[in-house]
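What's in start-v3.cif: mmCIF, C-alpha atoms and all ligand atoms
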data_query
#
loop_
_atom_site.label_atom_id
_atom_site.label_comp_id
_atom_site.auth_asym_id
_atom_site.auth_seq_id
_atom_site.Cartn_x
_atom_site.Cartn_y
_atom_site.Cartn_z
CA MET K 1 -50.12 -26.43 -5.15
CA PHE K 2 -52.02 -23.26 -4.34
CA PRO K 3 -53.96 -22.74 -2.13
CA THR K 4 -52.11 -25.30 0.04
CA GLU K 5 -48.74 -23.83 -0.89
CA ARG K 6 -48.37 -20.16 0.02
CA PRO K 7 -44.67 -19.16 -0.01
CA ARG K 8 -45.64 -15.71 1.22
CA ARG K 9 -46.36 -17.20 4.68
CA LEU K 10 -42.62 -17.29 5.33
CA ARG K 11 -42.14 -13.66 4.27
CA ARG K 12 -44.61 -12.06 6.65
CA THR K 13 -42.26 -10.55 9.26
CA PRO K 14 -38.58 -9.56 9.41
CA ALA K 15 -37.97 -12.16 12.14
CA LEU K 16 -39.45 -14.92 10.00
CA ARG K 17 -37.55 -13.83 6.93
CA ARG K 18 -34.31 -13.83 8.85
CA LEU K 19 -35.02 -17.27 10.30
CA VAL K 20 -35.41 -18.85 6.87
CA ALA K 21 -32.71 -16.84 5.05
CA GLU K 22 -30.37 -19.15 3.12
CA THR K 23 -27.49 -16.69 3.03
CA THR K 24 -25.71 -14.54 5.59
CA LEU K 25 -23.53 -11.48 5.17
CA ALA K 26 -21.27 -10.27 7.96
CA PRO K 27 -18.20 -8.07 8.38
CA HIS K 28 -15.99 -11.14 8.71
CA ASP K 29 -16.98 -12.13 5.16
CA PHE K 30 -15.13 -9.12 3.75
CA VAL K 31 -11.57 -8.47 2.67
CA ALA K 32 -10.67 -4.82 2.10
CA PRO K 33 -8.34 -3.97 -0.79
CA LEU K 34 -5.98 -1.15 0.27
CA PHE K 35 -3.40 0.96 -1.54
CA VAL K 36 -0.15 2.23 -0.08
CA ALA K 37 2.03 4.68 -2.01
CA GLU K 38 5.70 5.40 -1.76
CA GLY K 39 6.94 8.99 -1.43
CA ILE K 40 3.74 10.68 -0.28
CA PHE K 41 3.23 12.46 3.01
CA GLU K 42 -0.54 12.77 3.04
CA PRO K 43 -3.10 10.21 1.90
CA ARG K 44 -4.24 10.97 -1.63
CA ALA K 45 -7.90 10.57 -2.55
CA ILE K 46 -8.66 8.31 -5.54
CA SER K 47 -11.38 10.15 -7.44
CA SER K 48 -12.76 7.12 -9.27
CA LEU K 49 -13.02 5.17 -5.98
CA PRO K 50 -14.86 7.57 -3.65
CA GLY K 51 -13.85 6.99 -0.03
CA HIS K 52 -10.56 5.32 -0.98
CA PHE K 53 -7.02 6.62 -0.83
CA GLN K 54 -3.48 5.97 -1.79
CA HIS K 55 -2.28 5.67 1.79
CA THR K 56 0.89 6.59 3.57
CA VAL K 57 2.11 3.84 5.87
CA ALA K 58 0.70 5.84 8.81
CA SER K 59 -2.74 6.37 7.28
CA LEU K 60 -2.80 2.72 6.19
CA ARG K 61 -2.41 1.68 9.81
CA ASP K 62 -5.26 4.02 10.80
CA GLU K 63 -7.45 2.50 8.11
CA VAL K 64 -6.72 -1.05 9.24
CA ARG K 65 -7.52 -0.06 12.82
CA ALA K 66 -10.86 1.30 11.62
CA LEU K 67 -11.55 -1.94 9.73
CA VAL K 68 -10.74 -4.07 12.77
CA ARG K 69 -13.13 -1.94 14.85
CA VAL K 70 -16.03 -2.78 12.54
CA GLY K 71 -15.15 -6.48 12.35
CA VAL K 72 -13.29 -6.72 9.03
CA ARG K 73 -10.26 -8.94 9.53
CA GLY K 74 -8.90 -9.39 6.01
CA VAL K 75 -6.90 -6.84 4.03
CA LEU K 76 -5.36 -7.13 0.58
CA LEU K 77 -2.47 -4.78 -0.02
CA PHE K 78 -1.36 -3.12 -3.28
CA GLY K 79 1.84 -1.07 -3.48
CA VAL K 80 2.25 2.05 -5.60
CA PRO K 81 5.98 2.68 -6.16
CA THR K 82 7.66 5.94 -7.17
CA THR K 83 9.87 4.30 -9.78
CA LYS K 84 9.25 1.52 -12.27
CA ASP K 85 11.49 -0.54 -14.55
CA GLU K 86 11.24 -3.10 -17.36
CA VAL K 87 10.98 -6.11 -15.06
CA GLY K 88 9.20 -4.55 -12.08
CA SER K 89 12.00 -5.14 -9.59
CA GLY K 90 10.32 -2.93 -6.97
CA ALA K 91 7.90 -5.78 -6.45
CA TRP K 92 10.50 -7.98 -4.74
CA ASP K 93 12.75 -5.29 -3.25
CA PRO K 94 12.77 -5.85 0.53
CA ASN K 95 12.53 -2.07 0.85
CA GLY K 96 9.83 -1.75 -1.80
CA ILE K 97 6.70 0.02 -0.60
CA ALA K 98 4.54 -3.11 -0.32
CA GLN K 99 7.14 -4.85 1.84
CA VAL K 100 7.59 -1.78 4.07
CA ALA K 101 3.83 -1.58 4.58
CA LEU K 102 3.47 -5.33 5.17
CA ARG K 103 6.08 -5.15 7.92
CA ALA K 104 4.32 -2.20 9.53
CA LEU K 105 0.96 -4.01 9.52
CA ARG K 106 2.42 -7.29 10.72
CA ASP K 107 4.20 -5.49 13.58
CA GLU K 108 1.06 -3.68 14.70
CA PHE K 109 -1.67 -6.25 14.09
CA GLY K 110 0.09 -9.63 14.00
CA ASP K 111 -2.42 -12.43 13.53
CA ASP K 112 -5.41 -10.25 14.51
CA ILE K 113 -5.82 -9.67 10.79
CA VAL K 114 -5.32 -11.86 7.74
CA LEU K 115 -2.65 -9.96 5.89
CA MET K 116 -2.78 -10.54 2.14
CA ALA K 117 -0.49 -9.21 -0.56
CA ASP K 118 -1.51 -8.88 -4.18
CA LEU K 119 1.26 -10.53 -6.16
CA CYS K 120 1.79 -9.03 -9.59
CA LEU K 121 4.24 -6.85 -11.49
CA ASP K 122 2.04 -4.36 -13.32
CA GLU K 123 2.26 -1.65 -10.66
CA TYR K 124 6.05 -1.91 -10.92
CA THR K 125 6.73 -2.26 -14.64
CA SER K 126 7.42 0.72 -16.91
CA HIS K 127 5.27 -0.80 -19.70
CA GLY K 128 2.32 -1.67 -17.43
CA HIS K 129 2.07 -5.37 -18.28
CA CYS K 130 1.86 -8.05 -15.60
CA GLY K 131 5.15 -9.65 -16.62
CA VAL K 132 8.28 -9.59 -18.73
CA VAL K 133 7.55 -8.27 -22.22
CA LEU K 134 9.26 -9.84 -25.24
CA PRO K 135 10.40 -7.80 -28.26
CA ASP K 136 7.22 -8.79 -30.12
CA GLY K 137 5.10 -7.26 -27.33
CA THR K 138 3.83 -10.52 -25.82
CA VAL K 139 4.39 -11.44 -22.18
CA ASP K 140 6.98 -14.16 -21.52
CA ASN K 141 5.17 -16.64 -19.29
CA ASP K 142 8.09 -18.66 -17.93
CA ALA K 143 10.40 -15.71 -17.31
CA THR K 144 7.54 -14.00 -15.49
CA ILE K 145 6.71 -16.83 -13.10
CA ALA K 146 10.35 -16.96 -12.00
CA LEU K 147 9.97 -13.32 -10.96
CA TYR K 148 6.64 -13.98 -9.23
CA ALA K 149 8.45 -16.62 -7.14
CA GLN K 150 10.86 -13.94 -5.92
CA VAL K 151 8.02 -11.55 -5.13
CA ALA K 152 6.25 -14.23 -3.10
CA VAL K 153 9.30 -14.84 -0.93
CA ALA K 154 9.82 -11.09 -0.38
CA GLN K 155 6.18 -10.68 0.63
CA ALA K 156 6.28 -13.67 2.97
CA GLN K 157 9.49 -12.37 4.55
CA ALA K 158 7.79 -9.03 5.10
CA GLY K 159 4.92 -10.71 6.93
CA ALA K 160 2.22 -11.56 4.39
CA ALA K 161 0.19 -14.53 5.61
CA VAL K 162 -1.39 -14.86 2.16
CA VAL K 163 0.04 -14.13 -1.26
CA ALA K 164 -2.45 -13.54 -4.05
CA PRO K 165 -1.01 -13.98 -7.54
CA SER K 166 -3.14 -11.98 -9.99
CA GLY K 167 -1.10 -12.14 -13.19
CA MET K 168 -2.81 -15.15 -14.84
CA MET K 169 0.46 -16.72 -15.99
CA ASP K 170 0.40 -20.49 -16.51
CA GLY K 171 2.20 -22.33 -13.74
CA GLN K 172 2.40 -19.32 -11.44
CA VAL K 173 0.95 -21.08 -8.42
CA GLY K 174 3.37 -24.00 -8.66
CA ALA K 175 6.37 -21.73 -9.08
CA ILE K 176 5.32 -19.70 -6.05
CA ARG K 177 4.59 -22.76 -3.89
CA ASP K 178 8.04 -24.20 -4.67
CA ALA K 179 9.81 -20.96 -3.88
CA LEU K 180 7.90 -20.41 -0.63
CA ASP K 181 8.54 -23.97 0.53
CA GLN K 182 12.23 -23.78 -0.30
CA ALA K 183 12.51 -20.56 1.68
CA GLY K 184 10.80 -22.22 4.66
CA PHE K 185 7.41 -20.52 4.25
CA THR K 186 5.42 -23.73 4.17
CA ASP K 187 2.50 -22.08 6.01
CA THR K 188 2.14 -19.12 3.67
CA ILE K 189 -1.23 -19.38 1.95
CA ILE K 190 -1.73 -18.97 -1.79
CA LEU K 191 -4.96 -17.29 -2.79
CA ALA K 192 -5.00 -17.78 -6.55
CA TYR K 193 -6.78 -15.35 -8.80
CA ALA K 194 -7.80 -18.50 -10.63
CA ALA K 195 -10.49 -17.18 -12.91
CA LYS K 196 -9.58 -13.59 -13.62
CA TYR K 197 -11.32 -12.26 -16.69
CA ALA K 198 -10.08 -9.58 -19.07
CA SER K 199 -12.72 -7.13 -17.91
CA GLY K 200 -13.64 -3.54 -18.59
CA LEU K 201 -14.35 -3.16 -14.89
CA TYR K 202 -10.76 -2.61 -13.73
CA GLY K 203 -10.61 1.01 -14.94
CA PRO K 204 -10.80 2.77 -11.57
CA PHE K 205 -8.18 0.40 -10.14
CA ARG K 206 -5.73 1.36 -12.85
CA ASP K 207 -6.24 5.01 -11.84
CA ALA K 208 -5.73 4.05 -8.22
CA VAL K 209 -2.35 2.45 -8.83
CA GLY K 210 -1.29 4.64 -11.76
CA VAL K 211 -1.00 1.76 -14.21
CA GLU K 212 -1.38 2.28 -17.92
CA ILE K 213 -0.36 -0.17 -20.61
CA VAL K 214 2.07 1.82 -22.71
CA GLY K 215 1.00 1.85 -26.35
CA GLY K 216 -2.57 1.04 -25.41
CA GLY K 217 -2.40 -2.78 -25.31
CA ASP K 218 -4.65 -5.04 -23.28
CA ARG K 219 -4.37 -8.16 -21.13
CA LYS K 220 -6.41 -10.51 -23.31
CA GLY K 221 -3.32 -12.61 -24.01
CA TYR K 222 -3.25 -13.75 -20.37
CA GLN K 223 -6.51 -12.92 -18.61
CA GLN K 224 -9.56 -15.04 -19.42
CA ASP K 225 -12.03 -14.47 -22.23
CA TYR K 226 -15.44 -13.57 -20.78
CA ARG K 227 -17.19 -15.70 -23.36
CA ASN K 228 -15.86 -18.78 -21.55
CA ARG K 229 -17.36 -20.49 -18.53
CA ARG K 230 -15.89 -24.01 -18.48
CA GLU K 231 -12.39 -22.64 -18.94
CA ALA K 232 -12.62 -21.14 -15.45
CA LEU K 233 -12.91 -24.60 -13.96
CA ARG K 234 -9.86 -25.72 -15.93
CA GLU K 235 -7.88 -22.74 -14.61
CA ALA K 236 -9.03 -23.28 -11.03
CA ARG K 237 -8.31 -27.04 -11.10
CA ALA K 238 -4.83 -26.35 -12.41
CA ASP K 239 -4.24 -23.87 -9.59
CA VAL K 240 -5.46 -26.30 -6.94
CA ALA K 241 -3.24 -29.03 -8.40
CA GLN K 242 -0.28 -26.65 -8.11
CA GLY K 243 -1.04 -25.88 -4.48
CA ALA K 244 -3.59 -23.07 -4.36
CA ASP K 245 -5.28 -22.98 -0.95
CA ILE K 246 -8.12 -20.66 -1.99
CA VAL K 247 -9.37 -19.74 -5.45
CA MET K 248 -10.85 -16.45 -6.58
CA VAL K 249 -13.24 -15.40 -9.30
CA LYS K 250 -12.90 -11.86 -10.57
CA PRO K 251 -14.89 -9.70 -11.23
CA ALA K 252 -17.92 -10.80 -9.22
CA MET K 253 -21.34 -9.70 -10.44
CA SER K 254 -20.99 -10.65 -14.09
CA TYR K 255 -19.43 -14.01 -13.15
CA LEU K 256 -21.76 -15.50 -10.54
CA ASP K 257 -22.20 -18.57 -12.74
CA VAL K 258 -18.45 -19.12 -12.45
CA VAL K 259 -18.51 -18.64 -8.67
CA SER K 260 -21.25 -21.23 -8.46
CA ASP K 261 -19.39 -23.70 -10.70
CA LEU K 262 -16.19 -23.46 -8.67
CA HIS K 263 -18.06 -23.78 -5.40
CA ASP K 264 -19.78 -26.94 -6.61
CA ALA K 265 -16.77 -28.57 -8.27
CA LEU K 266 -13.93 -27.89 -5.83
CA GLU K 267 -13.25 -28.53 -2.18
CA VAL K 268 -11.13 -25.43 -1.52
CA PRO K 269 -12.64 -22.15 -0.32
CA VAL K 270 -13.85 -19.88 -3.09
CA CYS K 271 -13.91 -16.10 -2.99
CA ALA K 272 -14.87 -13.39 -5.43
CA TYR K 273 -13.49 -9.92 -6.03
CA HIS K 274 -16.13 -7.21 -6.35
CA VAL K 275 -13.82 -4.99 -8.36
CA SER K 276 -13.20 -1.29 -8.68
CA GLY K 277 -15.60 -0.75 -11.59
CA GLU K 278 -18.38 -2.58 -9.77
CA TYR K 279 -17.90 -0.34 -6.73
CA ALA K 280 -17.61 2.81 -8.84
CA MET K 281 -20.84 2.08 -10.72
CA VAL K 282 -22.83 1.69 -7.52
CA LYS K 283 -21.23 4.81 -6.03
CA ALA K 284 -21.85 6.90 -9.13
CA ALA K 285 -25.49 5.88 -9.46
CA GLY K 286 -25.94 6.47 -5.73
CA ALA K 287 -24.39 9.94 -5.92
CA ASN K 288 -26.87 10.78 -8.66
CA GLY K 289 -29.77 9.66 -6.51
CA TRP K 290 -30.67 6.93 -9.01
CA ILE K 291 -30.27 4.03 -6.60
CA ASP K 292 -29.92 3.55 -2.85
CA GLU K 293 -26.24 2.65 -2.87
CA THR K 294 -26.20 0.97 0.54
CA ALA K 295 -29.15 -1.25 -0.32
CA VAL K 296 -27.63 -2.16 -3.69
CA ALA K 297 -24.22 -2.84 -2.18
CA ILE K 298 -25.72 -5.22 0.38
CA GLU K 299 -27.80 -6.89 -2.33
CA GLN K 300 -24.76 -7.42 -4.56
CA LEU K 301 -22.47 -8.66 -1.80
CA THR K 302 -25.17 -11.03 -0.58
CA ALA K 303 -25.61 -12.32 -4.13
CA VAL K 304 -21.91 -13.14 -4.30
CA ARG K 305 -22.24 -15.15 -1.10
CA ARG K 306 -25.43 -16.82 -2.38
CA ALA K 307 -23.62 -17.92 -5.53
CA GLY K 308 -21.12 -19.78 -3.35
CA ALA K 309 -18.34 -17.43 -2.32
CA ASP K 310 -17.00 -17.97 1.18
CA PHE K 311 -15.82 -14.37 1.31
CA VAL K 312 -15.78 -11.24 -0.82
CA LEU K 313 -13.01 -8.80 -1.61
CA THR K 314 -14.73 -5.44 -1.74
CA TYR K 315 -14.12 -1.71 -1.59
CA PHE K 316 -17.38 -1.59 0.36
CA ALA K 317 -15.84 -3.53 3.26
CA ARG K 318 -15.67 -0.79 5.86
CA GLU K 319 -18.82 1.05 4.83
CA ILE K 320 -21.06 -1.99 4.65
CA ALA K 321 -19.53 -3.64 7.73
CA THR K 322 -20.61 -0.51 9.59
CA GLU K 323 -24.15 -0.84 8.21
CA LEU K 324 -24.37 -4.54 9.08
CA ASP K 325 -23.24 -3.81 12.62
CA ALA K 326 -25.91 -1.21 13.09
C1 LIG E 401 -3.29 -6.68 -11.40
C2 LIG E 401 -4.59 -6.41 -10.74
C3 LIG E 401 -5.66 -5.68 -11.27
C4 LIG E 401 -6.66 -5.68 -10.30
C5 LIG E 401 -6.18 -6.38 -9.22
N1 LIG E 401 -4.90 -6.84 -9.52
C6 LIG E 401 -5.78 -4.95 -12.53
C7 LIG E 401 -5.67 -5.61 -13.83
O1 LIG E 401 -5.62 -6.82 -13.96
O2 LIG E 401 -5.62 -4.86 -14.80
C8 LIG E 401 -7.99 -5.02 -10.45
C9 LIG E 401 -8.75 -4.78 -9.20
C10 LIG E 401 -9.93 -3.91 -9.34
O3 LIG E 401 -10.33 -3.46 -10.43
O4 LIG E 401 -10.53 -3.61 -8.30
N2 LIG E 401 -2.22 -6.42 -10.53
#
Translate this file's structure into structure tokens.
Amino acid sequence: MFPTERPRRLRRTPALRRLVAETTLAPHDFVAPLFVAEGIFEPRAISSLPGHFQHTVASLRDEVRALVRVGVRGVLLFGVPTTKDEVGSGAWDPNGIAQVALRALRDEFGDDIVLMADLCLDEYTSHGHCGVVLPDGTVDNDATIALYAQVAVAQAQAGAAVVAPSGMMDGQVGAIRDALDQAGFTDTIILAYAAKYASGLYGPFRDAVGVEIVGGGDRKGYQQDYRNRREALREARADVAQGADIVMVKPAMSYLDVVSDLHDALEVPVCAYHVSGEYAMVKAAGANGWIDETAVAIEQLTAVRRAGADFVLTYFAREIATELDA
């Protein structure tokens, strides 16, 4: 009790504060989400994600080189195709844009980076849903996971070390694990978007990849309801049982309770995705001079680590890695 106890003693100098800090944040804790577009000849700025681009394969390689220079060794790739169809077949086409880009990155960087591929169909389907749509407008779970299995094999063949299924279909991890193993990719890692919530924070991402749900639907029939906390553990346990190597919580800041739960309950690594809307909010407030965006970004990313995430997927990866280096 006071006056014996004086917690301020340990806060007196920067050196002391650093010595007793419970949480660290370093460039190697980040994974950078990156977009590569088919049929463009110059990188195209994404207005709702300042500092981010739809890349050409060449500019994507430049960006990854820049990330490696500042100590970021994880990248998560999203493809933006020129054509879409009902089932999203571009997602597993060996010459689809994601596969072309994965090969280019694997050839240049090999195992110097951890090459991850987002595994979903929404960028490739004409209707914008994450799977096969039935006549009544719902998404057919079992038909969809059979397609995800094909995408996983195409991505592994193209050089992805990690596939990251983000569609929230039941049984997707098991279907993917089986397909990868049968194709001989027993070492390909599955990073499961285990607890992915139906969030309003994905808006800028949908601009970035040009995805719109035709007819104005939503993903609440497959992504999680944000009123639920315990359900996340059920989802994550199911994914681990099916072979997930790493589980993700998404978004990050509004779901730190979930990050903490998964960290405490499971033995696999846990990560969190600080999503496009979270980045855009910080950037927008910073541009207005309302907050110090660098300070807030570091605070938020540190909070994600404090809650129990082993690493963070973030659009701030390069920018904040540069700050942390300095
Ligand atoms: C689906 C997918 C989405 C994001 C990653 N994978 C969008 C969605 O579920 O609607 C969002 C990422 C972000 O907002 O940064 N392929």
*So what do you get for CA of Phe185 in chain K versus CA of Val268 in chain K, distance-wise?*
20.0 Å
_Considering all atoms listed in the file, can you say which of K:Asp170, K:Glu278, K:Asp245, K:Asp261 comes closest to Tyr222 in chain K?_
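Going through K:Asp170, K:Glu278, K:Asp245, K:Asp261 one by one, the smallest distance to Tyr222 in chain K is for K:Asp170.
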_Lys283 in chain K surroundings by all atoms listed in the file, 9 Å radius, close-in-sequence under 4 positions cut, as an MDAnalysis selection string_ = chainID K and resid 49:50 278:279 287:288 293
*Which protein, DNA or RNA residues have an atom within 7 Å of ligand LIG 401 (chain E), counting only C-alpha atoms and all ligand atoms, as a count of residues only?*
19
_Residue contacts of range 174-182 of chain K (10 Å, all atoms listed in the file) excluding same-chain residues fewer than 2 positions away, as a ChimeraX atom specification_ = /K:142,145-157,163,165,170-172,184-190,238-244
Keeping C-alpha atoms for every residue in the selection just given, could you write it to a file as a tab-separated table (two decimals), in the frame of the given file?
chain	number	residue	atom	x	y	z
K	142	ASP	CA	8.09	-18.66	-17.93
K	145	ILE	CA	6.71	-16.83	-13.10
K	146	ALA	CA	10.35	-16.96	-12.00
K	147	LEU	CA	9.97	-13.32	-10.96
K	148	TYR	CA	6.64	-13.98	-9.23
K	149	ALA	CA	8.45	-16.62	-7.14
K	150	GLN	CA	10.86	-13.94	-5.92
K	151	VAL	CA	8.02	-11.55	-5.13
K	152	ALA	CA	6.25	-14.23	-3.10
K	153	VAL	CA	9.30	-14.84	-0.93
K	154	ALA	CA	9.82	-11.09	-0.38
K	155	GLN	CA	6.18	-10.68	0.63
K	156	ALA	CA	6.28	-13.67	2.97
K	157	GLN	CA	9.49	-12.37	4.55
K	163	VAL	CA	0.04	-14.13	-1.26
K	165	PRO	CA	-1.01	-13.98	-7.54
K	170	ASP	CA	0.40	-20.49	-16.51
K	171	GLY	CA	2.20	-22.33	-13.74
K	172	GLN	CA	2.40	-19.32	-11.44
K	184	GLY	CA	10.80	-22.22	4.66
K	185	PHE	CA	7.41	-20.52	4.25
K	186	THR	CA	5.42	-23.73	4.17
K	187	ASP	CA	2.50	-22.08	6.01
K	188	THR	CA	2.14	-19.12	3.67
K	189	ILE	CA	-1.23	-19.38	1.95
K	190	ILE	CA	-1.73	-18.97	-1.79
K	238	ALA	CA	-4.83	-26.35	-12.41
K	239	ASP	CA	-4.24	-23.87	-9.59
K	240	VAL	CA	-5.46	-26.30	-6.94
K	241	ALA	CA	-3.24	-29.03	-8.40
K	242	GLN	CA	-0.28	-26.65	-8.11
K	243	GLY	CA	-1.04	-25.88	-4.48
K	244	ALA	CA	-3.59	-23.07	-4.36
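For the pair CA of Leu105 in chain K and CA of Gly90 in chain K, the interatomic distance is 19.0 Å.
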*So which one's closest to Val20 in chain K, K:Ala265, K:Ala303, K:Pro7, K:Lys196? Using all atoms listed in the file, please.*
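The answer is K:Pro7, which sits nearest to Val20 in chain K.
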*Pick from K:Ala26, K:Val211, K:Val57, K:Ala252, whichever lies nearest to His127 in chain K using only C-alpha atoms*: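 Closest to His127 in chain K, using only C-alpha atoms: K:Val211.
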*Do you know which residues are at most 12 Å from Gly215 in chain K counting only C-alpha atoms, after dropping those on the same chain fewer than 4 positions away, and could you put them as a list in words?*
Ser126, His127, Gly128, His129 and Gly137 of chain K
Give me the residues near Arg65 in chain K as a short mmCIF file (atom, residue, chain, number, x, y, z; two decimals) with C-alpha atoms, keeping the file's coordinate frame, where near means some atom within 12 Å (using only C-alpha atoms) and where sequence neighbours in that chain fewer than 6 positions away do not count.
data_model
loop_
_atom_site.label_atom_id
_atom_site.label_comp_id
_atom_site.auth_asym_id
_atom_site.auth_seq_id
_atom_site.Cartn_x
_atom_site.Cartn_y
_atom_site.Cartn_z
CA ALA K 58 0.70 5.84 8.81
CA SER K 59 -2.74 6.37 7.28
CA GLY K 71 -15.15 -6.48 12.35
CA VAL K 72 -13.29 -6.72 9.03
CA ARG K 73 -10.26 -8.94 9.53
CA GLY K 74 -8.90 -9.39 6.01
CA VAL K 75 -6.90 -6.84 4.03
CA LEU K 105 0.96 -4.01 9.52
CA GLU K 108 1.06 -3.68 14.70
CA PHE K 109 -1.67 -6.25 14.09
CA ASP K 112 -5.41 -10.25 14.51
CA ILE K 113 -5.82 -9.67 10.79
CA ARG K 318 -15.67 -0.79 5.86
#
*Would you mind reading off the distance between CA of Val100 in chain K and CA of Ala161 in chain K, one decimal, in Å?*
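Computed distance, CA of Val100 in chain K to CA of Ala161 in chain K, equals 14.8 Å.
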Can you sort out range 111-125 of chain K so it carries N, CA, C and O atoms, written as a PDB file, keeping the file's coordinate frame?
ATOM      1  N   ASP K 111      -1.412 -11.521  14.073  1.00  0.00           N
ATOM      2  CA  ASP K 111      -2.420 -12.430  13.530  1.00  0.00           C
ATOM      3  C   ASP K 111      -3.853 -11.995  13.839  1.00  0.00           C
ATOM      4  O   ASP K 111      -4.803 -12.755  13.618  1.00  0.00           O
ATOM      5  N   ASP K 112      -4.034 -10.759  14.339  1.00  0.00           N
ATOM      6  CA  ASP K 112      -5.410 -10.250  14.510  1.00  0.00           C
ATOM      7  C   ASP K 112      -6.066  -9.982  13.170  1.00  0.00           C
ATOM      8  O   ASP K 112      -7.289  -9.869  13.079  1.00  0.00           O
ATOM      9  N   ILE K 113      -5.246  -9.821  12.128  1.00  0.00           N
ATOM     10  CA  ILE K 113      -5.820  -9.670  10.790  1.00  0.00           C
ATOM     11  C   ILE K 113      -5.203 -10.741   9.890  1.00  0.00           C
ATOM     12  O   ILE K 113      -4.171 -11.328  10.220  1.00  0.00           O
ATOM     13  N   VAL K 114      -5.889 -10.977   8.768  1.00  0.00           N
ATOM     14  CA  VAL K 114      -5.320 -11.860   7.740  1.00  0.00           C
ATOM     15  C   VAL K 114      -4.696 -10.934   6.701  1.00  0.00           C
ATOM     16  O   VAL K 114      -5.402 -10.245   5.961  1.00  0.00           O
ATOM     17  N   LEU K 115      -3.387 -10.925   6.710  1.00  0.00           N
ATOM     18  CA  LEU K 115      -2.650  -9.960   5.890  1.00  0.00           C
ATOM     19  C   LEU K 115      -2.339 -10.588   4.528  1.00  0.00           C
ATOM     20  O   LEU K 115      -1.586 -11.558   4.432  1.00  0.00           O
ATOM     21  N   MET K 116      -2.937 -10.003   3.493  1.00  0.00           N
ATOM     22  CA  MET K 116      -2.780 -10.540   2.140  1.00  0.00           C
ATOM     23  C   MET K 116      -2.036  -9.539   1.262  1.00  0.00           C
ATOM     24  O   MET K 116      -2.230  -8.336   1.397  1.00  0.00           O
ATOM     25  N   ALA K 117      -1.210 -10.066   0.375  1.00  0.00           N
ATOM     26  CA  ALA K 117      -0.490  -9.210  -0.560  1.00  0.00           C
ATOM     27  C   ALA K 117      -0.856  -9.594  -1.981  1.00  0.00           C
ATOM     28  O   ALA K 117      -0.726 -10.770  -2.354  1.00  0.00           O
ATOM     29  N   ASP K 118      -1.315  -8.618  -2.761  1.00  0.00           N
ATOM     30  CA  ASP K 118      -1.510  -8.880  -4.180  1.00  0.00           C
ATOM     31  C   ASP K 118      -0.129  -9.135  -4.783  1.00  0.00           C
ATOM     32  O   ASP K 118       0.833  -8.437  -4.465  1.00  0.00           O
ATOM     33  N   LEU K 119      -0.045 -10.180  -5.620  1.00  0.00           N
ATOM     34  CA  LEU K 119       1.260 -10.530  -6.160  1.00  0.00           C
ATOM     35  C   LEU K 119       1.223 -10.385  -7.682  1.00  0.00           C
ATOM     36  O   LEU K 119       0.665 -11.225  -8.385  1.00  0.00           O
ATOM     37  N   CYS K 120       1.757  -9.265  -8.157  1.00  0.00           N
ATOM     38  CA  CYS K 120       1.790  -9.030  -9.590  1.00  0.00           C
ATOM     39  C   CYS K 120       2.906  -8.029  -9.872  1.00  0.00           C
ATOM     40  O   CYS K 120       3.528  -7.498  -8.950  1.00  0.00           O
ATOM     41  N   LEU K 121       3.152  -7.773 -11.142  1.00  0.00           N
ATOM     42  CA  LEU K 121       4.240  -6.850 -11.490  1.00  0.00           C
ATOM     43  C   LEU K 121       3.741  -5.556 -12.121  1.00  0.00           C
ATOM     44  O   LEU K 121       4.501  -4.610 -12.276  1.00  0.00           O
ATOM     45  N   ASP K 122       2.468  -5.497 -12.489  1.00  0.00           N
ATOM     46  CA  ASP K 122       2.040  -4.360 -13.320  1.00  0.00           C
ATOM     47  C   ASP K 122       2.201  -3.005 -12.656  1.00  0.00           C
ATOM     48  O   ASP K 122       2.455  -2.011 -13.335  1.00  0.00           O
ATOM     49  N   GLU K 123       2.070  -2.941 -11.338  1.00  0.00           N
ATOM     50  CA  GLU K 123       2.260  -1.650 -10.660  1.00  0.00           C
ATOM     51  C   GLU K 123       3.732  -1.221 -10.723  1.00  0.00           C
ATOM     52  O   GLU K 123       4.048  -0.064 -10.465  1.00  0.00           O
ATOM     53  N   TYR K 124       4.611  -2.169 -11.020  1.00  0.00           N
ATOM     54  CA  TYR K 124       6.050  -1.910 -10.920  1.00  0.00           C
ATOM     55  C   TYR K 124       6.782  -1.885 -12.255  1.00  0.00           C
ATOM     56  O   TYR K 124       7.967  -1.590 -12.303  1.00  0.00           O
ATOM     57  N   THR K 125       6.061  -2.247 -13.337  1.00  0.00           N
ATOM     58  CA  THR K 125       6.730  -2.260 -14.640  1.00  0.00           C
ATOM     59  C   THR K 125       6.484  -0.967 -15.415  1.00  0.00           C
ATOM     60  O   THR K 125       5.393  -0.393 -15.362  1.00  0.00           O
TER      61      THR K 125
END
